[in-house]
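upload-v8.txt follows (compact mmCIF, C-alpha atoms):
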```
# COMPACT_ATOMS: atom_id res chain seq x y z
CA MET D 1 -31.35 -14.24 -34.01
CA ILE D 2 -28.60 -13.62 -36.60
CA TRP D 3 -29.48 -9.92 -36.69
CA LEU D 4 -29.30 -9.75 -32.90
CA THR D 5 -25.91 -11.52 -32.93
CA ILE D 6 -24.56 -9.10 -35.54
CA ALA D 7 -25.87 -6.09 -33.62
CA LEU D 8 -24.38 -7.23 -30.32
CA MET D 9 -21.04 -8.07 -31.96
CA ALA D 10 -21.02 -4.56 -33.43
CA VAL D 11 -21.75 -3.05 -30.00
CA ILE D 12 -18.78 -4.96 -28.54
CA THR D 13 -16.26 -4.02 -31.24
CA PHE D 14 -17.38 -0.37 -31.18
CA SER D 15 -17.24 -0.20 -27.37
CA ASN D 16 -13.68 -1.53 -27.30
CA ARG D 17 -12.66 1.09 -29.85
CA ALA D 18 -14.54 3.98 -28.29
CA LEU D 19 -14.08 3.40 -24.56
CA PHE D 20 -11.10 5.67 -23.97
CA PHE D 21 -12.48 8.35 -26.32
CA ALA D 22 -15.23 9.08 -23.79
CA ARG D 23 -14.73 12.22 -21.75
CA SER D 24 -16.95 10.77 -19.05
CA ILE D 25 -14.22 8.23 -18.29
CA ARG D 26 -12.24 9.89 -15.53
CA TYR D 27 -8.93 8.36 -16.40
CA GLN D 28 -5.82 10.48 -16.12
CA MET D 29 -2.93 8.73 -17.80
CA GLY D 30 0.16 8.68 -15.60
CA ALA D 31 3.72 9.02 -16.90
CA ARG D 32 4.32 5.28 -16.49
CA VAL D 33 1.31 4.22 -18.55
CA ARG D 34 2.25 6.78 -21.17
CA ARG D 35 5.75 5.35 -21.41
CA LEU D 36 4.34 1.82 -21.60
CA LEU D 37 2.07 2.90 -24.46
CA THR D 38 4.94 4.37 -26.50
CA TYR D 39 5.94 0.76 -27.23
CA SER D 40 2.42 -0.37 -28.15
CA SER D 41 2.64 -0.01 -31.92
CA TYR D 42 6.02 -1.80 -32.12
CA ALA D 43 4.76 -4.61 -29.91
CA ILE D 44 1.38 -5.13 -31.52
CA LEU D 45 2.47 -4.88 -35.16
CA THR D 46 5.23 -7.42 -34.49
CA ALA D 47 2.72 -9.69 -32.73
CA ILE D 48 0.58 -9.56 -35.88
CA TRP D 49 3.23 -10.15 -38.58
CA ALA D 50 5.60 -12.58 -36.85
CA PRO D 51 3.08 -15.48 -36.73
CA ILE D 52 2.37 -15.02 -40.46
CA LEU D 53 6.05 -15.73 -41.19
CA LEU D 54 6.79 -18.25 -38.45
CA ARG D 55 4.57 -20.99 -37.12
CA PHE D 56 4.97 -22.96 -33.97
CA SER D 57 3.47 -26.35 -33.37
CA PRO D 58 4.00 -28.28 -30.13
CA GLN D 59 4.72 -31.41 -32.18
CA TYR D 60 6.87 -30.10 -35.00
CA GLY D 61 8.47 -27.00 -33.49
CA ILE D 62 9.08 -23.83 -35.50
CA SER D 63 8.50 -23.74 -39.24
CA HIS D 64 8.30 -20.87 -41.73
CA ALA D 65 5.79 -19.88 -44.39
CA GLY D 66 8.21 -20.46 -47.28
CA ALA D 67 11.45 -19.24 -48.85
CA ASP D 68 9.58 -16.44 -50.65
CA TYR D 69 8.28 -15.12 -47.32
CA LEU D 70 11.73 -15.36 -45.69
CA VAL D 71 13.53 -13.57 -48.52
CA GLY D 72 10.83 -10.90 -48.78
CA THR D 73 10.85 -10.24 -45.04
CA VAL D 74 14.64 -9.99 -44.78
CA LEU D 75 14.60 -7.66 -47.80
CA ALA D 76 11.90 -5.47 -46.21
CA MET D 77 13.96 -5.33 -42.99
CA SER D 78 17.13 -4.37 -44.86
CA LEU D 79 15.45 -1.71 -47.01
CA THR D 80 13.85 -0.16 -43.92
CA MET D 81 17.21 -0.05 -42.17
CA LEU D 82 18.58 1.71 -45.26
CA ARG D 83 15.95 4.41 -44.56
CA LEU D 84 13.82 3.87 -47.66
CA PRO D 85 10.27 5.26 -47.34
CA THR D 86 7.58 2.81 -46.19
CA LEU D 87 5.81 2.65 -49.56
CA ALA D 88 9.07 1.93 -51.41
CA VAL D 89 9.91 -0.85 -48.94
CA VAL D 90 6.49 -2.44 -49.43
CA LEU D 91 6.51 -2.18 -53.23
CA ILE D 92 10.08 -3.46 -53.74
CA SER D 93 9.85 -6.33 -51.26
CA ALA D 94 6.40 -7.35 -52.53
CA ALA D 95 7.68 -7.31 -56.12
CA VAL D 96 10.57 -9.61 -55.17
CA PHE D 97 8.22 -11.79 -53.10
CA PHE D 98 5.77 -12.30 -55.96
CA ALA D 99 8.59 -12.79 -58.47
CA ILE D 100 9.95 -15.65 -56.36
CA ARG D 101 6.52 -17.07 -55.56
CA PHE D 102 5.09 -17.13 -59.05
CA GLY D 103 8.41 -17.33 -60.87
CA ALA D 104 9.03 -20.61 -59.10
CA PHE D 105 5.45 -21.68 -59.85
CA PHE D 106 5.82 -21.02 -63.58
CA CYS D 107 9.21 -22.78 -63.71
CA ALA D 108 7.76 -25.80 -61.96
CA SER D 109 4.80 -25.94 -64.35
CA ILE D 110 7.00 -26.12 -67.46
CA PRO D 111 7.09 -29.78 -68.43
CA MET O 1 -4.23 11.13 -50.52
CA ARG O 2 -1.22 10.30 -48.36
CA ALA O 3 -3.55 8.51 -45.97
CA VAL O 4 -5.05 6.50 -48.84
CA SER O 5 -1.67 5.44 -50.23
CA ALA O 6 -0.42 4.62 -46.74
CA VAL O 7 -3.27 2.25 -45.97
CA LEU O 8 -3.64 0.79 -49.48
CA PRO O 9 -1.07 -2.05 -49.21
CA LEU O 10 -2.72 -3.19 -45.97
CA ALA O 11 -6.20 -2.90 -47.46
CA ILE O 12 -5.15 -4.98 -50.48
CA ALA O 13 -3.62 -7.56 -48.17
CA VAL O 14 -6.94 -8.15 -46.38
CA ILE O 15 -9.02 -8.47 -49.57
CA PRO O 16 -8.82 -12.31 -49.47
CA TRP O 17 -10.05 -12.24 -45.87
CA GLY O 18 -12.90 -9.90 -46.83
CA ILE O 19 -13.91 -12.20 -49.68
CA LEU O 20 -13.66 -15.20 -47.37
CA THR O 21 -15.86 -13.44 -44.79
CA GLY O 22 -18.57 -12.75 -47.37
CA ALA O 23 -18.39 -16.22 -48.87
CA LEU O 24 -18.39 -17.94 -45.48
CA GLY O 25 -21.45 -15.91 -44.47
CA MET O 26 -23.31 -17.23 -47.51
CA GLN O 27 -22.06 -20.79 -47.00
CA ILE O 28 -23.38 -20.97 -43.44
CA GLY O 29 -26.79 -19.63 -44.46
CA LEU O 30 -26.76 -15.89 -43.74
CA SER O 31 -28.74 -13.69 -46.10
CA PRO O 32 -26.64 -11.41 -48.34
CA TRP O 33 -27.82 -8.43 -46.26
CA GLN O 34 -26.74 -10.08 -43.03
CA ALA O 35 -23.35 -11.02 -44.42
CA GLN O 36 -22.78 -7.47 -45.66
CA ALA O 37 -24.14 -5.87 -42.47
CA MET O 38 -21.60 -7.79 -40.47
CA SER O 39 -18.71 -6.19 -42.38
CA LEU O 40 -20.42 -2.79 -42.38
CA LEU O 41 -21.05 -2.74 -38.62
CA VAL O 42 -18.79 -5.21 -36.81
CA PHE O 43 -15.85 -4.29 -39.07
CA GLY O 44 -13.24 -6.63 -37.63
CA GLY O 45 -11.85 -9.47 -39.73
CA ALA O 46 -10.77 -11.88 -37.00
CA ALA O 47 -13.88 -11.26 -34.89
CA GLN O 48 -16.16 -11.79 -37.91
CA LEU O 49 -14.50 -15.00 -39.11
CA SER O 50 -14.53 -16.44 -35.61
CA GLY O 51 -18.15 -15.34 -35.09
CA LEU O 52 -19.23 -16.96 -38.37
CA THR O 53 -17.42 -20.19 -37.52
CA LEU O 54 -19.13 -20.27 -34.13
CA ILE O 55 -22.57 -19.53 -35.64
CA ALA O 56 -22.02 -22.35 -38.13
CA GLY O 57 -21.09 -24.69 -35.29
CA GLY O 58 -24.30 -23.84 -33.46
CA ALA O 59 -22.60 -22.02 -30.59
CA GLY O 60 -24.72 -19.94 -28.23
CA LEU O 61 -24.76 -16.17 -28.03
CA PRO O 62 -22.51 -15.98 -24.92
CA ALA O 63 -19.73 -17.96 -26.64
CA ILE O 64 -19.94 -15.82 -29.79
CA LEU O 65 -19.93 -12.53 -27.88
CA GLY O 66 -17.17 -13.71 -25.54
CA SER O 67 -14.95 -14.58 -28.47
CA THR O 68 -15.73 -11.20 -30.10
CA ALA O 69 -14.81 -9.37 -26.90
CA VAL O 70 -11.51 -11.22 -26.46
CA ILE O 71 -10.46 -10.87 -30.11
CA SER O 72 -11.29 -7.16 -30.29
CA SER O 73 -9.82 -6.37 -26.86
CA ARG O 74 -6.64 -5.09 -28.49
CA HIS O 75 -8.67 -2.13 -29.73
CA LEU O 76 -8.86 -1.02 -26.10
CA LEU O 77 -5.14 -0.49 -26.33
CA TYR O 78 -5.46 1.59 -29.51
CA SER O 79 -8.25 3.56 -27.90
CA MET O 80 -6.00 4.30 -24.93
CA VAL O 81 -3.10 5.39 -27.15
CA PHE O 82 -5.36 7.72 -29.16
CA ARG O 83 -7.11 9.11 -26.08
CA GLN O 84 -4.82 12.09 -25.56
CA HIS O 85 -5.37 13.19 -29.16
CA MET O 86 -9.09 12.51 -29.24
CA LEU O 87 -10.33 14.21 -26.07
CA THR O 88 -9.89 17.63 -27.67
CA GLN O 89 -11.80 16.62 -30.83
CA PRO O 90 -15.51 17.37 -31.33
CA TRP O 91 -17.91 14.40 -31.12
CA TYR O 92 -18.41 14.24 -34.88
CA ARG O 93 -14.71 13.39 -35.24
CA ARG O 94 -14.29 11.32 -32.09
CA TRP O 95 -16.99 8.71 -32.70
CA PRO O 96 -16.29 8.09 -36.41
CA THR O 97 -12.60 7.75 -35.56
CA ALA O 98 -13.53 5.16 -32.94
CA PHE O 99 -15.70 3.30 -35.44
CA PHE O 100 -12.93 3.16 -38.07
CA LEU O 101 -10.18 2.27 -35.56
CA THR O 102 -8.55 -0.95 -36.80
CA ASP O 103 -5.09 -2.52 -36.59
CA GLU O 104 -4.35 -1.00 -39.97
CA MET O 105 -5.63 2.50 -39.19
CA PHE O 106 -3.73 2.48 -35.90
CA ALA O 107 -0.55 1.35 -37.67
CA VAL O 108 -0.52 3.98 -40.41
CA SER O 109 -1.69 6.73 -38.08
CA GLU O 110 1.03 5.97 -35.53
CA ALA O 111 3.65 5.91 -38.30
CA GLN O 112 2.34 9.25 -39.57
CA THR O 113 2.40 10.76 -36.06
CA ARG O 114 6.00 9.59 -35.56
CA SER O 115 7.27 10.94 -38.87
CA SER O 116 5.44 14.28 -38.77
CA GLY O 117 5.67 14.84 -35.03
CA ARG O 118 1.94 15.35 -34.52
CA PHE O 119 -1.29 13.37 -34.71
CA SER O 120 -3.65 14.19 -37.57
CA SER O 121 -7.26 13.18 -37.01
CA GLY O 122 -8.01 13.84 -40.68
CA PHE O 123 -5.30 11.40 -41.74
CA ALA O 124 -6.61 8.76 -39.31
CA LEU O 125 -10.21 9.19 -40.49
CA VAL O 126 -9.37 9.01 -44.20
CA ALA O 127 -7.14 5.95 -43.69
CA GLY O 128 -9.82 4.24 -41.58
CA PHE O 129 -12.62 5.06 -44.01
CA THR O 130 -10.60 3.87 -47.03
CA PHE O 131 -9.93 0.60 -45.27
CA TRP O 132 -13.61 0.19 -44.37
CA VAL O 133 -14.69 0.75 -48.01
CA ILE O 134 -12.23 -1.82 -49.36
CA TRP O 135 -13.11 -4.32 -46.64
CA ASN O 136 -16.80 -4.03 -47.52
CA LEU O 137 -16.20 -4.25 -51.27
CA ALA O 138 -14.19 -7.42 -50.65
CA THR O 139 -17.02 -8.81 -48.53
CA LEU O 140 -19.49 -7.98 -51.30
CA ALA O 141 -17.28 -9.83 -53.79
CA GLY O 142 -17.30 -12.83 -51.44
CA ILE O 143 -21.10 -12.71 -51.17
CA LEU O 144 -21.45 -12.62 -54.97
CA LEU O 145 -18.90 -15.39 -55.49
CA GLY O 146 -20.42 -17.46 -52.70
CA GLU O 147 -19.30 -21.04 -52.92
CA GLY O 148 -16.80 -20.40 -55.70
CA VAL O 149 -14.11 -19.12 -53.38
CA GLU O 150 -11.13 -21.38 -52.90
CA ASN O 151 -7.36 -21.16 -52.70
CA LEU O 152 -7.36 -17.38 -52.22
CA ASP O 153 -4.88 -17.78 -49.40
CA GLN O 154 -2.46 -19.34 -51.91
CA LEU O 155 -1.91 -15.94 -53.54
CA GLY O 156 0.35 -14.81 -50.72
CA LEU O 157 -1.28 -11.40 -50.32
CA ASP O 158 -0.66 -11.62 -46.58
CA PHE O 159 2.97 -10.86 -47.36
CA ALA O 160 1.90 -7.21 -47.72
CA ILE O 161 1.02 -7.22 -44.01
CA ILE O 162 4.52 -8.43 -43.12
CA ALA O 163 6.21 -5.93 -45.46
CA THR O 164 4.15 -2.96 -44.25
CA PHE O 165 4.46 -3.72 -40.55
CA VAL O 166 8.20 -4.43 -40.86
CA ALA O 167 8.64 -1.13 -42.72
CA MET O 168 6.79 0.64 -39.90
CA THR O 169 8.73 -0.92 -37.04
CA PHE O 170 12.30 -1.46 -38.24
CA ASP O 171 13.00 2.27 -38.34
CA ASN O 172 14.01 2.59 -34.70
CA LEU O 173 16.47 -0.24 -34.04
CA LYS O 174 18.90 1.97 -32.12
CA ASN O 175 16.28 2.30 -29.40
CA ARG O 176 16.96 -0.70 -27.15
CA PRO O 177 13.54 -0.92 -25.46
CA VAL O 178 11.87 -0.85 -28.90
CA VAL O 179 14.01 -3.80 -30.04
CA VAL O 180 13.15 -5.64 -26.82
CA ALA O 181 9.44 -4.91 -27.34
CA MET O 182 9.60 -6.39 -30.85
CA LEU O 183 11.68 -9.46 -29.90
CA VAL O 184 9.55 -10.39 -26.91
CA SER O 185 6.21 -9.68 -28.52
CA GLY O 186 7.08 -11.43 -31.80
CA SER O 187 8.41 -14.57 -30.12
CA ALA O 188 5.51 -14.67 -27.68
CA ALA O 189 2.97 -14.32 -30.49
CA VAL O 190 4.51 -17.18 -32.50
CA LEU O 191 4.66 -19.46 -29.45
CA LEU O 192 1.24 -18.56 -28.00
CA LYS O 193 -0.78 -18.72 -31.22
CA PRO O 194 -1.41 -22.50 -31.11
CA TYR O 195 -2.68 -22.22 -27.55
CA LEU O 196 -4.55 -18.90 -27.50
CA SER O 197 -5.97 -18.39 -30.96
CA ASP O 198 -8.33 -15.61 -29.82
CA SER O 199 -6.05 -13.60 -27.57
CA TYR O 200 -2.43 -14.27 -28.55
CA ILE O 201 -1.94 -10.87 -30.22
CA ILE O 202 -2.95 -8.73 -27.26
CA ILE O 203 -1.19 -10.95 -24.69
CA ALA O 204 2.05 -11.04 -26.72
CA ALA O 205 1.89 -7.27 -27.26
CA LEU O 206 1.40 -6.60 -23.54
CA LEU O 207 4.36 -8.87 -22.71
CA GLY O 208 6.50 -7.01 -25.24
CA MET O 209 5.44 -3.63 -23.87
CA LEU O 210 6.15 -4.65 -20.28
CA ALA O 211 9.57 -6.03 -21.25
CA ALA O 212 10.42 -2.79 -23.06
CA TYR O 213 9.20 -0.77 -20.10
CA THR O 214 11.38 -2.76 -17.71
CA VAL O 215 14.46 -2.28 -19.91
CA SER O 216 13.77 1.42 -20.35
CA SER O 217 13.34 2.04 -16.62
CA ASP O 218 16.70 0.31 -16.08
CA ALA O 219 18.24 2.73 -18.54
CA VAL O 220 16.61 5.70 -16.84
CA SER O 221 17.62 4.67 -13.33
CA GLU O 222 21.24 3.84 -14.24
CA PRO O 223 22.65 7.32 -13.62
CA GLU O 224 20.92 7.45 -10.25
CA ALA O 225 22.24 4.04 -9.30
CA GLY O 226 25.84 5.21 -9.80
CA PRO O 227 27.93 6.52 -6.91
```

Just dump the structure as structure tokens.
Amino acid sequence: MIWLTIALMAVITFSNRALFFARSIRYQMGARVRRLLTYSSYAILTAIWAPILLRFSPQYGISHAGADYLVGTVLAMSLTMLRLPTLAVVLISAAVFFAIRFGAFFCASIP
Amino acid sequence: MRAVSAVLPLAIAVIPWGILTGALGMQIGLSPWQAQAMSLLVFGGAAQLSGLTLIAGGAGLPAILGSTAVISSRHLLYSMVFRQHMLTQPWYRRWPTAFFLTDEMFAVSEAQTRSSGRFSSGFALVAGFTFWVIWNLATLAGILLGEGVENLDQLGLDFAIIATFVAMTFDNLKNRPVVVAMLVSGSAAVLLKPYLSDSYIIIAALLGMLAAYTVSSDAVSEPEAGP
């Protein structure tokens, strides 16, 4: 039963990925759909990262993941706007993020 | 090598999830082979974690497969975006590219296409394969560690996802529809997550795309609307 579940799950994830790669699908993309799709990576990547930083709860409203996350994210935004390459943005902002995160941890653990 | 270094921060960021997936598989009674096969074949973090949780809760096959379909539906979008590049490729490139098509592979491949001006199927394949290897090694680590996995999420490795995706999207802020896409989709994702834990990403992304499209068609039709 577990093997069957795994196999069927694999069929579903592969089908979703492969569907539009099939030549047998007679789908000609119009100019409108093409224009819509030019925004897909901006929209989807933001939809993935924003909820890591910000959380919404119907009871407590909006909260954030922590000062280290806020500072790191604003830094990554600023460095990108300054036209630094992607890898440099990731390395510098992650270094600052971990410095704050574990720097604060070590300071707090000193008696 | 550029593909490997491009996808590496994202691959490192998902290591805790890979470990969690392997460990959770063991904790709910899968054999090591089954737990590893899931990462080898299903190859989708959110779909796997949700599937495992449902299996553990005794859910039936329809519920598990339904959740898998909804969670992985955003790959339909990636498939559609890649379609124009892939139709000209031979089958031995098309189907492996489909298999390795993840959020992360899509992200780095789109960034590469934008910066170089053309899609590279080799880049996409290498990035996707690298990610698959690291995901499966992380799962293996989780299987070996089994019950001993705790507090991995306290490391903050998910910050690498934020940093990478911000670096890939904040390069085009002068383009108004792009800014609209990001504002709408980001806010919608944050607000919808508590209500639609399986589908908030794809729904928020579609809302953001539609909003950007609306704004951009306004901009295009402005000259015509003038006297």

- Near O:Pro96, counting only C-alpha atoms, which residues have an atom at most 12 Å away, once you skip same-chain residues fewer than 4 positions from it, shown as an MDAnalysis selection string? (chainID D and resid 14 17:18 21) or (chainID O and resid 86 89:92 100:102 121:122 124:129 132)

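Among the candidate residues O:Lys193, O:Ala11, O:Ala47, O:Phe165, the one lying nearest to O:Val133 is O:Ala11, with distances computed using all atoms listed in the file.
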
At a cut-off of 8 Å, which residues of chain D touch chain O? Count only C-alpha atoms and give the answer as a PDB file with C-alpha atoms, in the frame of the given file.
```pdb
ATOM      1  CA  ILE D   2     -28.600 -13.620 -36.600  1.00  0.00           C
ATOM      2  CA  TRP D   3     -29.480  -9.920 -36.690  1.00  0.00           C
ATOM      3  CA  THR D   5     -25.910 -11.520 -32.930  1.00  0.00           C
ATOM      4  CA  ILE D   6     -24.560  -9.100 -35.540  1.00  0.00           C
ATOM      5  CA  ALA D   7     -25.870  -6.090 -33.620  1.00  0.00           C
ATOM      6  CA  LEU D   8     -24.380  -7.230 -30.320  1.00  0.00           C
ATOM      7  CA  MET D   9     -21.040  -8.070 -31.960  1.00  0.00           C
ATOM      8  CA  ALA D  10     -21.020  -4.560 -33.430  1.00  0.00           C
ATOM      9  CA  VAL D  11     -21.750  -3.050 -30.000  1.00  0.00           C
ATOM     10  CA  ILE D  12     -18.780  -4.960 -28.540  1.00  0.00           C
ATOM     11  CA  THR D  13     -16.260  -4.020 -31.240  1.00  0.00           C
ATOM     12  CA  PHE D  14     -17.380  -0.370 -31.180  1.00  0.00           C
ATOM     13  CA  ASN D  16     -13.680  -1.530 -27.300  1.00  0.00           C
ATOM     14  CA  ARG D  17     -12.660   1.090 -29.850  1.00  0.00           C
ATOM     15  CA  ALA D  18     -14.540   3.980 -28.290  1.00  0.00           C
ATOM     16  CA  LEU D  19     -14.080   3.400 -24.560  1.00  0.00           C
ATOM     17  CA  PHE D  20     -11.100   5.670 -23.970  1.00  0.00           C
ATOM     18  CA  PHE D  21     -12.480   8.350 -26.320  1.00  0.00           C
ATOM     19  CA  ALA D  22     -15.230   9.080 -23.790  1.00  0.00           C
ATOM     20  CA  ARG D  23     -14.730  12.220 -21.750  1.00  0.00           C
ATOM     21  CA  ARG D  35       5.750   5.350 -21.410  1.00  0.00           C
ATOM     22  CA  LEU D  36       4.340   1.820 -21.600  1.00  0.00           C
ATOM     23  CA  LEU D  37       2.070   2.900 -24.460  1.00  0.00           C
ATOM     24  CA  TYR D  39       5.940   0.760 -27.230  1.00  0.00           C
ATOM     25  CA  SER D  40       2.420  -0.370 -28.150  1.00  0.00           C
ATOM     26  CA  SER D  41       2.640  -0.010 -31.920  1.00  0.00           C
ATOM     27  CA  TYR D  42       6.020  -1.800 -32.120  1.00  0.00           C
ATOM     28  CA  ALA D  43       4.760  -4.610 -29.910  1.00  0.00           C
ATOM     29  CA  ILE D  44       1.380  -5.130 -31.520  1.00  0.00           C
ATOM     30  CA  LEU D  45       2.470  -4.880 -35.160  1.00  0.00           C
ATOM     31  CA  THR D  46       5.230  -7.420 -34.490  1.00  0.00           C
ATOM     32  CA  ALA D  47       2.720  -9.690 -32.730  1.00  0.00           C
ATOM     33  CA  ILE D  48       0.580  -9.560 -35.880  1.00  0.00           C
ATOM     34  CA  TRP D  49       3.230 -10.150 -38.580  1.00  0.00           C
ATOM     35  CA  ALA D  50       5.600 -12.580 -36.850  1.00  0.00           C
ATOM     36  CA  PRO D  51       3.080 -15.480 -36.730  1.00  0.00           C
ATOM     37  CA  ILE D  52       2.370 -15.020 -40.460  1.00  0.00           C
ATOM     38  CA  LEU D  53       6.050 -15.730 -41.190  1.00  0.00           C
ATOM     39  CA  LEU D  54       6.790 -18.250 -38.450  1.00  0.00           C
ATOM     40  CA  ARG D  55       4.570 -20.990 -37.120  1.00  0.00           C
ATOM     41  CA  PHE D  56       4.970 -22.960 -33.970  1.00  0.00           C
ATOM     42  CA  SER D  57       3.470 -26.350 -33.370  1.00  0.00           C
ATOM     43  CA  PRO D  58       4.000 -28.280 -30.130  1.00  0.00           C
ATOM     44  CA  TYR D  69       8.280 -15.120 -47.320  1.00  0.00           C
ATOM     45  CA  GLY D  72      10.830 -10.900 -48.780  1.00  0.00           C
ATOM     46  CA  THR D  73      10.850 -10.240 -45.040  1.00  0.00           C
ATOM     47  CA  ALA D  76      11.900  -5.470 -46.210  1.00  0.00           C
ATOM     48  CA  MET D  77      13.960  -5.330 -42.990  1.00  0.00           C
ATOM     49  CA  THR D  80      13.850  -0.160 -43.920  1.00  0.00           C
ATOM     50  CA  MET D  81      17.210  -0.050 -42.170  1.00  0.00           C
ATOM     51  CA  ARG D  83      15.950   4.410 -44.560  1.00  0.00           C
ATOM     52  CA  THR D  86       7.580   2.810 -46.190  1.00  0.00           C
ATOM     53  CA  LEU D  87       5.810   2.650 -49.560  1.00  0.00           C
ATOM     54  CA  VAL D  89       9.910  -0.850 -48.940  1.00  0.00           C
ATOM     55  CA  VAL D  90       6.490  -2.440 -49.430  1.00  0.00           C
ATOM     56  CA  SER D  93       9.850  -6.330 -51.260  1.00  0.00           C
ATOM     57  CA  ALA D  94       6.400  -7.350 -52.530  1.00  0.00           C
ATOM     58  CA  PHE D  97       8.220 -11.790 -53.100  1.00  0.00           C
ATOM     59  CA  PHE D  98       5.770 -12.300 -55.960  1.00  0.00           C
TER      60      PHE D  98
END
```

- Take atom CA of O:Gly57 and atom CA of O:Trp135 and report the distance between them in Å, one decimal. 24.6 Å

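Between atom CA of O:Ala23 and atom CA of O:Leu145 the separation is 6.7 Å.
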
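The smallest atom-to-atom distance between O:Val149 and any of O:Ala13, O:Met1, O:Leu24, O:Ala59, using all atoms listed in the file, is found for O:Leu24.
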
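In this structure, atom CA of D:Asp68 sits 9.4 Å away from atom CA of D:Ala104.
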
Could you put an axis-aligned box around every listed atom of stretch 181-196 of chain O, padded by 8 Å on each side, and send me its centre and edge lengths in Å to one decimal, as AutoDock Vina command-line options?
```
--center_x 3.6 --center_y -13.7 --center_z -29.7 --size_x 32.2 --size_y 33.6 --size_z 21.6
```
